[in-house]
file protein_14.txt (compact mmCIF, N, CA and C atoms)
# COMPACT_ATOMS: atom_id res chain seq x y z
N VAL A 1 48.22 37.16 -47.76
CA VAL A 1 46.85 37.15 -48.21
C VAL A 1 45.99 37.71 -47.10
N PHE A 2 45.11 38.61 -47.41
CA PHE A 2 44.20 39.21 -46.45
C PHE A 2 42.78 38.86 -46.86
N CYS A 3 42.01 38.36 -45.91
CA CYS A 3 40.61 38.05 -46.19
C CYS A 3 39.75 38.74 -45.16
N CYS A 4 38.53 39.04 -45.54
CA CYS A 4 37.64 39.81 -44.68
C CYS A 4 36.84 38.95 -43.71
N SER A 5 36.82 37.64 -43.87
CA SER A 5 36.03 36.82 -42.96
C SER A 5 36.80 35.57 -42.59
N LYS A 6 36.43 35.00 -41.46
CA LYS A 6 37.07 33.76 -41.03
C LYS A 6 36.74 32.64 -42.00
N MET A 7 35.53 32.63 -42.55
CA MET A 7 35.14 31.58 -43.49
C MET A 7 35.99 31.67 -44.74
N ALA A 8 36.23 32.87 -45.20
CA ALA A 8 37.07 33.02 -46.38
C ALA A 8 38.48 32.51 -46.09
N ASN A 9 39.00 32.80 -44.90
CA ASN A 9 40.32 32.28 -44.52
C ASN A 9 40.31 30.76 -44.50
N PHE A 10 39.28 30.15 -43.92
CA PHE A 10 39.18 28.71 -43.86
C PHE A 10 39.14 28.11 -45.26
N VAL A 11 38.32 28.68 -46.14
CA VAL A 11 38.21 28.17 -47.50
C VAL A 11 39.55 28.29 -48.21
N PHE A 12 40.22 29.41 -48.06
CA PHE A 12 41.52 29.59 -48.70
C PHE A 12 42.54 28.58 -48.17
N LEU A 13 42.60 28.41 -46.84
CA LEU A 13 43.56 27.48 -46.26
C LEU A 13 43.25 26.04 -46.67
N ALA A 14 41.98 25.67 -46.73
CA ALA A 14 41.60 24.34 -47.17
C ALA A 14 42.02 24.12 -48.62
N PHE A 15 41.80 25.13 -49.48
CA PHE A 15 42.20 25.05 -50.87
C PHE A 15 43.72 24.90 -50.97
N LEU A 16 44.44 25.71 -50.21
CA LEU A 16 45.91 25.66 -50.24
C LEU A 16 46.40 24.30 -49.75
N ALA A 17 45.85 23.80 -48.66
CA ALA A 17 46.27 22.51 -48.12
C ALA A 17 45.97 21.39 -49.10
N THR A 18 44.84 21.45 -49.78
CA THR A 18 44.50 20.45 -50.77
C THR A 18 45.49 20.49 -51.93
N CYS A 19 45.85 21.67 -52.35
CA CYS A 19 46.78 21.82 -53.47
C CYS A 19 48.15 21.24 -53.15
N ILE A 20 48.59 21.40 -51.91
CA ILE A 20 49.93 20.89 -51.59
C ILE A 20 49.87 19.50 -50.96
N GLY A 21 48.66 18.95 -50.82
CA GLY A 21 48.49 17.57 -50.40
C GLY A 21 48.63 17.31 -48.91
N VAL A 22 48.32 18.27 -48.08
CA VAL A 22 48.46 18.04 -46.64
C VAL A 22 47.12 17.99 -45.92
N LEU A 23 46.03 18.12 -46.64
CA LEU A 23 44.72 18.09 -45.99
C LEU A 23 44.31 16.64 -45.75
N ALA A 24 44.06 16.32 -44.49
CA ALA A 24 43.59 14.98 -44.15
C ALA A 24 42.28 15.12 -43.40
N LEU A 25 41.26 14.47 -43.89
CA LEU A 25 39.97 14.51 -43.22
C LEU A 25 39.97 13.53 -42.06
N PRO A 26 39.29 13.88 -40.97
CA PRO A 26 39.23 12.94 -39.86
C PRO A 26 38.46 11.69 -40.26
N PRO A 27 38.79 10.54 -39.65
CA PRO A 27 38.06 9.32 -40.01
C PRO A 27 36.61 9.41 -39.57
N ALA A 28 35.77 8.77 -40.33
CA ALA A 28 34.33 8.76 -40.00
C ALA A 28 34.11 7.87 -38.77
N ASP A 29 33.05 8.16 -38.04
CA ASP A 29 32.70 7.32 -36.91
C ASP A 29 32.40 5.91 -37.40
N PRO A 30 32.80 4.90 -36.63
CA PRO A 30 32.47 3.54 -37.07
C PRO A 30 30.96 3.34 -37.03
N PRO A 31 30.43 2.48 -37.89
CA PRO A 31 28.99 2.26 -37.90
C PRO A 31 28.54 1.64 -36.58
N CYS A 32 27.32 1.95 -36.19
CA CYS A 32 26.73 1.38 -34.98
C CYS A 32 26.37 -0.06 -35.27
N GLN A 33 27.00 -0.98 -34.57
CA GLN A 33 26.73 -2.40 -34.79
C GLN A 33 26.35 -3.06 -33.47
N ALA A 34 25.26 -2.60 -32.90
CA ALA A 34 24.82 -3.13 -31.62
C ALA A 34 23.99 -4.39 -31.82
N CYS A 35 24.09 -5.30 -30.86
CA CYS A 35 23.20 -6.45 -30.84
C CYS A 35 21.84 -5.98 -30.32
N THR A 36 20.84 -6.82 -30.36
CA THR A 36 19.50 -6.42 -29.92
C THR A 36 18.93 -7.41 -28.91
N PRO A 37 18.75 -6.96 -27.65
CA PRO A 37 18.06 -7.83 -26.69
C PRO A 37 16.56 -7.83 -27.00
N LEU A 38 15.87 -8.84 -26.56
CA LEU A 38 14.43 -8.93 -26.78
C LEU A 38 13.69 -8.82 -25.45
N ILE A 39 12.47 -8.29 -25.51
CA ILE A 39 11.61 -8.22 -24.33
C ILE A 39 10.70 -9.44 -24.33
N ASP A 40 10.73 -10.16 -23.24
CA ASP A 40 9.89 -11.35 -23.09
C ASP A 40 8.43 -10.93 -23.03
N PRO A 41 7.53 -11.65 -23.71
CA PRO A 41 6.11 -11.27 -23.68
C PRO A 41 5.49 -11.38 -22.29
N ARG A 42 6.16 -12.02 -21.35
CA ARG A 42 5.65 -12.10 -19.98
C ARG A 42 5.97 -10.84 -19.17
N THR A 43 6.56 -9.84 -19.81
CA THR A 43 6.79 -8.55 -19.16
C THR A 43 5.45 -7.99 -18.68
N VAL A 44 5.44 -7.40 -17.50
CA VAL A 44 4.20 -6.90 -16.89
C VAL A 44 4.16 -5.37 -16.97
N ILE A 45 3.06 -4.85 -17.50
CA ILE A 45 2.76 -3.42 -17.48
C ILE A 45 1.34 -3.31 -16.97
N GLU A 46 1.18 -2.77 -15.75
CA GLU A 46 -0.17 -2.76 -15.19
C GLU A 46 -0.38 -1.58 -14.24
N PRO A 47 -1.64 -1.16 -14.11
CA PRO A 47 -1.96 -0.12 -13.14
C PRO A 47 -1.93 -0.70 -11.73
N VAL A 48 -1.67 0.16 -10.76
CA VAL A 48 -1.66 -0.21 -9.35
C VAL A 48 -2.59 0.78 -8.65
N PRO A 49 -3.43 0.33 -7.70
CA PRO A 49 -4.31 1.27 -7.01
C PRO A 49 -3.55 2.46 -6.41
N GLY A 50 -4.16 3.63 -6.51
CA GLY A 50 -3.56 4.84 -5.96
C GLY A 50 -2.83 5.68 -6.99
N LEU A 51 -3.36 5.77 -8.22
CA LEU A 51 -2.78 6.57 -9.30
C LEU A 51 -1.38 6.12 -9.70
N ARG A 52 -1.11 4.83 -9.61
CA ARG A 52 0.23 4.35 -9.93
C ARG A 52 0.19 3.28 -11.03
N ALA A 53 1.39 3.06 -11.57
CA ALA A 53 1.59 1.97 -12.52
C ALA A 53 2.90 1.29 -12.18
N THR A 54 3.01 0.04 -12.56
CA THR A 54 4.25 -0.70 -12.37
C THR A 54 4.61 -1.41 -13.66
N VAL A 55 5.90 -1.54 -13.89
CA VAL A 55 6.40 -2.35 -15.01
C VAL A 55 7.44 -3.31 -14.45
N GLU A 56 7.41 -4.50 -14.95
CA GLU A 56 8.42 -5.51 -14.63
C GLU A 56 8.92 -6.02 -15.97
N ILE A 57 10.09 -5.55 -16.36
CA ILE A 57 10.64 -5.84 -17.67
C ILE A 57 11.49 -7.11 -17.60
N ILE A 58 11.12 -8.07 -18.41
CA ILE A 58 11.89 -9.31 -18.49
C ILE A 58 12.49 -9.34 -19.90
N ALA A 59 13.80 -9.40 -19.96
CA ALA A 59 14.48 -9.39 -21.26
C ALA A 59 15.24 -10.70 -21.46
N ASN A 60 15.49 -11.03 -22.72
CA ASN A 60 16.40 -12.13 -23.02
C ASN A 60 17.45 -11.63 -24.01
N TYR A 61 18.46 -12.43 -24.25
CA TYR A 61 19.63 -11.97 -24.99
C TYR A 61 19.36 -11.60 -26.44
N GLY A 62 18.37 -12.17 -27.08
CA GLY A 62 18.13 -11.85 -28.49
C GLY A 62 19.38 -12.16 -29.30
N THR A 63 19.93 -11.15 -29.98
CA THR A 63 21.14 -11.35 -30.78
C THR A 63 22.42 -11.02 -30.01
N CYS A 64 22.29 -10.70 -28.73
CA CYS A 64 23.46 -10.33 -27.92
C CYS A 64 24.15 -11.57 -27.36
N PRO A 65 25.48 -11.61 -27.38
CA PRO A 65 26.16 -12.73 -26.73
C PRO A 65 26.00 -12.64 -25.21
N VAL A 66 26.09 -13.76 -24.55
CA VAL A 66 25.93 -13.80 -23.09
C VAL A 66 26.98 -12.92 -22.41
N THR A 67 28.11 -12.73 -23.03
CA THR A 67 29.20 -11.94 -22.44
C THR A 67 29.05 -10.43 -22.66
N TYR A 68 28.03 -10.01 -23.44
CA TYR A 68 27.86 -8.58 -23.73
C TYR A 68 27.54 -7.80 -22.46
N ARG A 69 28.12 -6.61 -22.34
CA ARG A 69 27.86 -5.72 -21.21
C ARG A 69 27.52 -4.34 -21.75
N GLY A 70 26.49 -3.70 -21.16
CA GLY A 70 26.12 -2.35 -21.56
C GLY A 70 24.70 -2.25 -22.08
N TYR A 71 23.73 -2.33 -21.19
CA TYR A 71 22.33 -2.25 -21.57
C TYR A 71 21.70 -0.99 -20.99
N ARG A 72 20.59 -0.57 -21.58
CA ARG A 72 19.79 0.55 -21.07
C ARG A 72 18.34 0.15 -21.24
N TRP A 73 17.54 0.39 -20.21
CA TRP A 73 16.10 0.16 -20.34
C TRP A 73 15.37 1.47 -20.13
N TYR A 74 14.24 1.58 -20.83
CA TYR A 74 13.43 2.80 -20.83
C TYR A 74 12.00 2.48 -20.45
N VAL A 75 11.33 3.46 -19.86
CA VAL A 75 9.88 3.40 -19.69
C VAL A 75 9.34 4.77 -20.06
N SER A 76 8.41 4.82 -20.98
CA SER A 76 7.66 6.02 -21.29
C SER A 76 6.29 5.82 -20.66
N TRP A 77 5.96 6.65 -19.67
CA TRP A 77 4.76 6.42 -18.86
C TRP A 77 3.48 6.91 -19.53
N GLY A 78 3.55 7.50 -20.69
CA GLY A 78 2.36 7.89 -21.44
C GLY A 78 1.83 9.26 -21.12
N ASP A 79 2.49 9.98 -20.21
CA ASP A 79 2.06 11.34 -19.88
C ASP A 79 3.18 12.35 -20.10
N GLY A 80 4.17 11.98 -20.89
CA GLY A 80 5.30 12.87 -21.18
C GLY A 80 6.51 12.62 -20.30
N VAL A 81 6.41 11.75 -19.31
CA VAL A 81 7.53 11.45 -18.43
C VAL A 81 8.17 10.14 -18.87
N GLU A 82 9.50 10.12 -18.87
CA GLU A 82 10.24 8.91 -19.22
C GLU A 82 11.25 8.59 -18.12
N SER A 83 11.52 7.33 -17.93
CA SER A 83 12.54 6.87 -16.99
C SER A 83 13.51 5.99 -17.77
N TYR A 84 14.78 5.99 -17.35
CA TYR A 84 15.72 5.05 -17.95
C TYR A 84 16.80 4.72 -16.93
N LYS A 85 17.47 3.61 -17.17
CA LYS A 85 18.54 3.18 -16.29
C LYS A 85 19.56 2.40 -17.11
N ASP A 86 20.82 2.69 -16.89
CA ASP A 86 21.90 1.92 -17.52
C ASP A 86 22.28 0.77 -16.59
N VAL A 87 22.42 -0.42 -17.14
CA VAL A 87 22.83 -1.59 -16.38
C VAL A 87 23.90 -2.33 -17.16
N ALA A 88 24.81 -2.96 -16.43
CA ALA A 88 25.91 -3.67 -17.09
C ALA A 88 25.44 -4.97 -17.72
N ALA A 89 24.70 -5.77 -16.96
CA ALA A 89 24.31 -7.10 -17.43
C ALA A 89 22.81 -7.18 -17.65
N LEU A 90 22.42 -8.09 -18.51
CA LEU A 90 21.00 -8.33 -18.77
C LEU A 90 20.36 -8.90 -17.52
N GLN A 91 19.29 -8.26 -17.08
CA GLN A 91 18.60 -8.71 -15.87
C GLN A 91 17.19 -8.16 -15.87
N PRO A 92 16.28 -8.78 -15.12
CA PRO A 92 14.93 -8.23 -15.01
C PRO A 92 15.00 -6.87 -14.31
N GLU A 93 14.10 -5.98 -14.67
CA GLU A 93 14.06 -4.64 -14.08
C GLU A 93 12.63 -4.33 -13.67
N GLN A 94 12.48 -3.49 -12.66
CA GLN A 94 11.16 -3.13 -12.16
C GLN A 94 11.15 -1.64 -11.87
N ALA A 95 10.03 -0.99 -12.19
CA ALA A 95 9.88 0.44 -11.90
C ALA A 95 8.41 0.73 -11.59
N GLN A 96 8.20 1.71 -10.74
CA GLN A 96 6.84 2.20 -10.45
C GLN A 96 6.80 3.69 -10.68
N TYR A 97 5.60 4.17 -10.97
CA TYR A 97 5.41 5.59 -11.28
C TYR A 97 4.07 6.04 -10.72
N THR A 98 4.00 7.26 -10.23
CA THR A 98 2.75 7.84 -9.73
C THR A 98 2.27 8.92 -10.68
N TYR A 99 1.03 8.81 -11.12
CA TYR A 99 0.41 9.78 -12.02
C TYR A 99 -0.25 10.90 -11.22
N ILE A 100 -0.45 12.04 -11.85
CA ILE A 100 -1.13 13.16 -11.23
C ILE A 100 -2.65 12.98 -11.33
N HIS A 101 -3.11 12.42 -12.47
CA HIS A 101 -4.55 12.30 -12.74
C HIS A 101 -4.91 10.87 -13.12
N THR A 102 -6.15 10.51 -12.85
CA THR A 102 -6.66 9.24 -13.38
C THR A 102 -6.74 9.37 -14.89
N GLY A 103 -6.75 8.25 -15.58
CA GLY A 103 -6.88 8.31 -17.03
C GLY A 103 -6.34 7.07 -17.70
N THR A 104 -6.36 7.10 -19.00
CA THR A 104 -5.85 6.01 -19.82
C THR A 104 -4.50 6.44 -20.39
N TYR A 105 -3.50 5.60 -20.21
CA TYR A 105 -2.14 5.93 -20.61
C TYR A 105 -1.54 4.79 -21.43
N ASN A 106 -0.80 5.14 -22.46
CA ASN A 106 -0.08 4.17 -23.27
C ASN A 106 1.35 4.09 -22.73
N VAL A 107 1.66 3.04 -22.01
CA VAL A 107 2.98 2.86 -21.41
C VAL A 107 3.84 2.01 -22.34
N THR A 108 5.05 2.48 -22.62
CA THR A 108 5.97 1.77 -23.50
C THR A 108 7.26 1.48 -22.75
N VAL A 109 7.72 0.24 -22.83
CA VAL A 109 9.01 -0.13 -22.26
C VAL A 109 9.95 -0.51 -23.39
N GLY A 110 11.23 -0.24 -23.18
CA GLY A 110 12.25 -0.61 -24.15
C GLY A 110 13.46 -1.18 -23.44
N TYR A 111 14.09 -2.17 -24.04
CA TYR A 111 15.33 -2.73 -23.52
C TYR A 111 16.32 -2.68 -24.66
N CYS A 112 17.48 -2.06 -24.41
CA CYS A 112 18.41 -1.75 -25.49
C CYS A 112 19.83 -2.20 -25.18
N ALA A 113 20.54 -2.60 -26.20
CA ALA A 113 21.99 -2.69 -26.12
C ALA A 113 22.48 -1.26 -26.33
N HIS A 114 23.41 -0.82 -25.50
CA HIS A 114 23.86 0.57 -25.52
C HIS A 114 25.39 0.62 -25.52
N PRO A 115 26.00 0.28 -26.68
CA PRO A 115 27.47 0.23 -26.71
C PRO A 115 28.14 1.59 -26.75
N ALA A 116 27.44 2.62 -27.22
CA ALA A 116 28.06 3.95 -27.33
C ALA A 116 26.96 5.00 -27.42
N VAL A 117 27.35 6.25 -27.25
CA VAL A 117 26.41 7.36 -27.38
C VAL A 117 25.82 7.33 -28.79
N CYS A 118 24.52 7.51 -28.90
CA CYS A 118 23.80 7.51 -30.18
C CYS A 118 23.89 6.18 -30.90
N CYS A 119 24.07 5.11 -30.16
CA CYS A 119 24.12 3.79 -30.77
C CYS A 119 23.36 2.83 -29.87
N ASP A 120 22.04 2.80 -30.01
CA ASP A 120 21.18 1.91 -29.26
C ASP A 120 20.47 0.98 -30.22
N SER A 121 20.32 -0.27 -29.83
CA SER A 121 19.52 -1.21 -30.60
C SER A 121 18.51 -1.80 -29.63
N CYS A 122 17.23 -1.51 -29.86
CA CYS A 122 16.20 -1.74 -28.85
C CYS A 122 15.05 -2.61 -29.33
N THR A 123 14.37 -3.18 -28.36
CA THR A 123 13.09 -3.83 -28.55
C THR A 123 12.09 -3.12 -27.65
N PHE A 124 10.89 -2.88 -28.15
CA PHE A 124 9.87 -2.14 -27.40
C PHE A 124 8.60 -2.97 -27.24
N LEU A 125 7.90 -2.68 -26.16
CA LEU A 125 6.60 -3.30 -25.89
C LEU A 125 5.71 -2.23 -25.29
N SER A 126 4.48 -2.09 -25.79
CA SER A 126 3.55 -1.07 -25.30
C SER A 126 2.25 -1.71 -24.83
N GLN A 127 1.62 -1.04 -23.87
CA GLN A 127 0.32 -1.48 -23.39
C GLN A 127 -0.45 -0.28 -22.89
N VAL A 128 -1.74 -0.23 -23.21
CA VAL A 128 -2.60 0.83 -22.71
C VAL A 128 -3.16 0.38 -21.36
N ILE A 129 -3.04 1.26 -20.36
CA ILE A 129 -3.56 0.94 -19.03
C ILE A 129 -4.53 2.02 -18.58
N LYS A 130 -5.44 1.66 -17.71
CA LYS A 130 -6.39 2.60 -17.14
C LYS A 130 -6.02 2.79 -15.67
N VAL A 131 -5.61 4.02 -15.32
CA VAL A 131 -5.15 4.33 -13.97
C VAL A 131 -6.31 4.95 -13.19
N LEU A 132 -6.58 4.36 -12.02
CA LEU A 132 -7.66 4.85 -11.15
C LEU A 132 -7.07 5.33 -9.82
N ASN A 133 -7.88 6.04 -9.08
CA ASN A 133 -7.43 6.55 -7.79
C ASN A 133 -7.54 5.49 -6.73
call {"tool": "encode", "arguments": {"input": "protein_14.txt", "output": "structure tokens"}}
result
Amino acid sequence: VFCCSKMANFVFLAFLATCIGVLALPPADPPCQACTPLIDPRTVIEPVPGLRATVEIIANYGTCPVTYRGYRWYVSWGDGVESYKDVAALQPEQAQYTYIHTGTYNVTVGYCAHPAVCCDSCTFLSQVIKVLN
């Protein structure tokens, strides 16, 4: 059999394999079943003198068992810059950031269970801050 395109060859071979019963589709990815840690309302998001901001993220286990390992926390600083860090165990985290300009910024923090690529289950907390020089 001669075909003019690779796609035509693929379609023909798939048809032939289906007809003789040898075509096996790969298994689907298992569903993402991550637990969800929670952010404690005592988490701190505040401006610091000198065009800076600080976050102190306090998380609790939420639906995650105490033995769970594999968390990721995020900070979106409100000016297009984001920070993140992978950590094995649930623990408080702290980050600081320096802005280029004074202004009002919506800072968002997230704490996530991160069992696999493209499988995050997160809790978020946002606060608007006014950054001064």
call {"tool": "residues_near_point", "arguments": {"input": "protein_14.txt", "point": "(6.8, 4.4, -21.2)", "cutoff": "8 Å", "atoms": "only C-alpha atoms", "output": "list in words"}}
result
Tyr74, Val75, Ser76, Trp77, Gly78, Val81, Glu82, Ser83, Asn106, Val107, Thr108, Val109, Gly110 and Ser126 of chain A
call {"tool": "closest_residue", "arguments": {"input": "protein_14.txt", "among": "A:Ile57, A:Leu38, A:Pro31, A:Thr43", "to": "Glu93 of chain A", "atoms": "only N, CA and C atoms"}}
result
A:Ile57
call {"tool": "closest_residue", "arguments": {"input": "protein_14.txt", "among": "A:Cys119, A:Leu125, A:Val131, A:Cys112", "to": "Pro49 of chain A", "atoms": "all atoms listed in the file"}}
result
A:Val131
call {"tool": "atom_distance", "arguments": {"input": "protein_14.txt", "atom1": "atom CA of Tyr97 of chain A", "atom2": "atom N of Thr63 of chain A"}}
result
29.0 Å
call {"tool": "atom_distance", "arguments": {"input": "protein_14.txt", "atom1": "atom C of Val128 of chain A", "atom2": "atom CA of Asp40 of chain A"}}
result
17.6 Å
call {"tool": "atom_distance", "arguments": {"input": "protein_14.txt", "atom1": "atom C of Glu56 of chain A", "atom2": "atom C of Gly70 of chain A"}}
result
17.3 Å
call {"tool": "residues_around", "arguments": {"input": "protein_14.txt", "residues": "Arg52 of chain A", "least_positions_apart": "6", "cutoff": "7 Å", "atoms": "all atoms listed in the file", "output": "NGL selection string"}}
result
:A and (46 or 96-99 or 131-133)
call {"tool": "write_last_selection", "arguments": {"input": "protein_14.txt", "atoms": "N, CA and C atoms", "output": "mmCIF file, in the frame of the given file"}}
result
data_model
loop_
_atom_site.group_PDB
_atom_site.id
_atom_site.type_symbol
_atom_site.label_atom_id
_atom_site.label_comp_id
_atom_site.auth_asym_id
_atom_site.auth_seq_id
_atom_site.Cartn_x
_atom_site.Cartn_y
_atom_site.Cartn_z
ATOM 1 N N GLU A 46 1.180 -2.770 -15.750
ATOM 2 C CA GLU A 46 -0.170 -2.760 -15.190
ATOM 3 C C GLU A 46 -0.380 -1.580 -14.240
ATOM 4 N N GLN A 96 8.200 1.710 -10.740
ATOM 5 C CA GLN A 96 6.840 2.200 -10.450
ATOM 6 C C GLN A 96 6.800 3.690 -10.680
ATOM 7 N N TYR A 97 5.600 4.170 -10.970
ATOM 8 C CA TYR A 97 5.410 5.590 -11.280
ATOM 9 C C TYR A 97 4.070 6.040 -10.720
ATOM 10 N N THR A 98 4.000 7.260 -10.230
ATOM 11 C CA THR A 98 2.750 7.840 -9.730
ATOM 12 C C THR A 98 2.270 8.920 -10.680
ATOM 13 N N TYR A 99 1.030 8.810 -11.120
ATOM 14 C CA TYR A 99 0.410 9.780 -12.020
ATOM 15 C C TYR A 99 -0.250 10.900 -11.220
ATOM 16 N N VAL A 131 -5.610 4.020 -15.320
ATOM 17 C CA VAL A 131 -5.150 4.330 -13.970
ATOM 18 C C VAL A 131 -6.310 4.950 -13.190
ATOM 19 N N LEU A 132 -6.580 4.360 -12.020
ATOM 20 C CA LEU A 132 -7.660 4.850 -11.150
ATOM 21 C C LEU A 132 -7.070 5.330 -9.820
ATOM 22 N N ASN A 133 -7.880 6.040 -9.080
ATOM 23 C CA ASN A 133 -7.430 6.550 -7.790
ATOM 24 C C ASN A 133 -7.540 5.490 -6.730
#
call {"tool": "axis_aligned_box", "arguments": {"input": "protein_14.txt", "around": "segment 67-78 of chain A", "padding_each_side": "8 Å", "output": "AutoDock Vina command-line options"}}
result
--center_x 15.5 --center_y -1.7 --center_z -21.3 --size_x 43.4 --size_y 38.0 --size_z 20.9
call {"tool": "closest_residue", "arguments": {"input": "protein_14.txt", "among": "A:Ala59, A:Asp120, A:Tyr111, A:Cys32", "to": "Arg72 of chain A", "atoms": "all atoms listed in the file"}}
result
A:Tyr111
call {"tool": "select_by_dssp", "arguments": {"input": "protein_14.txt", "residues": "segment 96-128 of chain A", "states": "strand (DSSP E)", "output": "list in words"}}
result
Gln96, Tyr97, Thr98, Gly103, Thr104, Tyr105, Asn106, Val107, Thr108, Val109, Gly110, Tyr111, Cys112, Ala113, His114, Pro115, Ala116, Cys119, Asp120, Ser121, Cys122, Thr123, Phe124, Leu125, Ser126, Gln127 and Val128 of chain A
